[in-house]
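A.B. asks: Let me begin by handing over the structure; questions about it come next.
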Amino acid sequence: MDWLYVLMPISGVTIFWPGLVILGIGVGIIGGFFGMGGAWMVTPGLNILGFPMAFAIGTDIAHMAGKSLISTMRHGRFGNVDYRLGVIMIVGTIAGFECGAQMVMWLERIGKVEFIVRWMYVILLILIAWMVFADVAKKRKKEKEARAKGQDVDKLATGIEWHKTFHKLKIPPMVHFKAAGFTCSAWLPIFISFATGWLAGILGIGGGLIRMPALIYFIGCPTHIAVGTDLFEVMISGLYGAGTYTFKGRTELVAALIMLCGAAMGAQVGTVATKYIKGYGIRIAFGIAVVGCCISVIMKLIPKYIDGTKYIMDISSTILILGLVASLSIYILVKMVQGAKQEVAAKKRRA
């Protein structure tokens, strides 16, 4: 079975290459659907497959940049990208990303990068999962109360509405974002982009894992606009991050190219699927994905505390992360096909 493994020339590790293909195609679909590069799955996935954490971060960012470019172009055609908001956030994203990347290099020098990054992933994923499902629960509670009073259910109502508080901050300059449909201080998206860029540089993600929820809950973007605008930001931060990590010698270009081939095809499917699945359908699927990814990272941490569990945890976490990517990809593909069939049938009835 040696033919299933390939030696990576820069990092010097031997990798199960079908795992790279599954990650590439699957995360291409998921990334185009959720509006992010999918690095929140790929970085721990590459680490699980055998890459040292610093190489997993750099390699994922390189593959993510190309895929996000394809997805952004597709979302732009659907009107899902607020380019003004994305451009304003670029400054904070790049500055924050560089701070995070420098911190990773420092953690690598002191030998703490694996431990710190994994635990940061766990904490962040738990917080995001809580935020998503708390939002869904509050949304359903509002709908239930509205029905009990005999009132119409507001389809635009949300559960968590933190953005309304932030919009009260009238610090000049005030900017109107036409595609997203709101006006706020320019300092709000700049601050959010710096914070997400800093975490992106540390965790090896394009920022989508945190920026997509941040755009919804802190800035107030509709979900489908948050998806497209976030991908635009992922593309920018990914291109910058790829250059940064390649210059530092932490990018495995062979693995990045293998994943990018599959991701380019998958991204088309995921992007089109957002045409048929919107709003809370995207948020619920996103929350489930975050929970599964969190469990896989915890499984990789268990051997550090329980001797003799490394082999079984490595196998189990690999199966979980690849199974999660495959399951979500199939779900999104099925929903896209069903939506397309319904659209075609509706057009025939009108004709």
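By order of appearance in the structure tokens: chains A, B, ..., then residues from 1 within every chain, and ligands from 1 in the order shown.
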Given only C-alpha atoms, how would the per-residue table for stretch 53-157 of chain A near stretch 211-232 of chain A read, listing every residue at most 10 Å away with its closest atom pair and distance in Å to one decimal, sorted by chain and number, as CSV?

C.D. replies:
residue,atom,partner,partner_atom,distance
A:Ala65,CA,A:Leu231,CA,9.7
A:Lys67,CA,A:Leu231,CA,9.5
A:Ser68,CA,A:Leu231,CA,5.8
A:Leu69,CA,A:Phe232,CA,7.4
A:Ile70,CA,A:Leu231,CA,9.5
A:Ser71,CA,A:Leu231,CA,7.0
A:Thr72,CA,A:Phe232,CA,5.5
A:Met73,CA,A:Phe232,CA,8.6
A:Arg74,CA,A:Gly228,CA,8.8
A:His75,CA,A:Gly228,CA,5.5
A:Gly76,CA,A:Gly228,CA,7.1
A:Phe78,CA,A:Gly228,CA,9.0
A:Gly79,CA,A:Ile225,CA,8.0
A:Asn80,CA,A:Ile225,CA,4.6
A:Val81,CA,A:Thr229,CA,4.5
A:Asp82,CA,A:Thr229,CA,5.6
A:Tyr83,CA,A:Thr229,CA,6.9
A:Arg84,CA,A:Thr229,CA,9.3
A:Leu85,CA,A:Thr229,CA,7.5
A:Gly86,CA,A:Thr229,CA,6.0
A:Val87,CA,A:Phe232,CA,8.8
A:Met89,CA,A:Asp230,CA,9.9
A:Ile90,CA,A:Phe232,CA,9.6
A:Thr93,CA,A:Arg211,CA,10.0
A:Ile128,CA,A:Pro213,CA,7.8
A:Met131,CA,A:Pro213,CA,8.5
A:Val132,CA,A:Pro213,CA,8.0
A:Asp135,CA,A:Tyr217,CA,9.1
A:Leu156,CA,A:Pro222,CA,8.7

A.B. asks: Set the distance at 12 Å and use only C-alpha atoms: which residues neighbour A:Glu252 once local chain neighbours fewer than 2 positions away are removed? I'd like the list as an MDAnalysis selection string.

C.D. replies: chainID A and resid 7:15 46 51:63 242 245:250 254:259

A.B. asks: Would you please extract all strand (DSSP E) residues from stretch 135-301 of chain A, as assigned by DSSP on the backbone, and give them as a list of chain:residue names?

C.D. replies: A:Met174, A:Val175, A:His176, A:Phe177, A:Phe182, A:Thr183, A:Cys184, A:Ser185
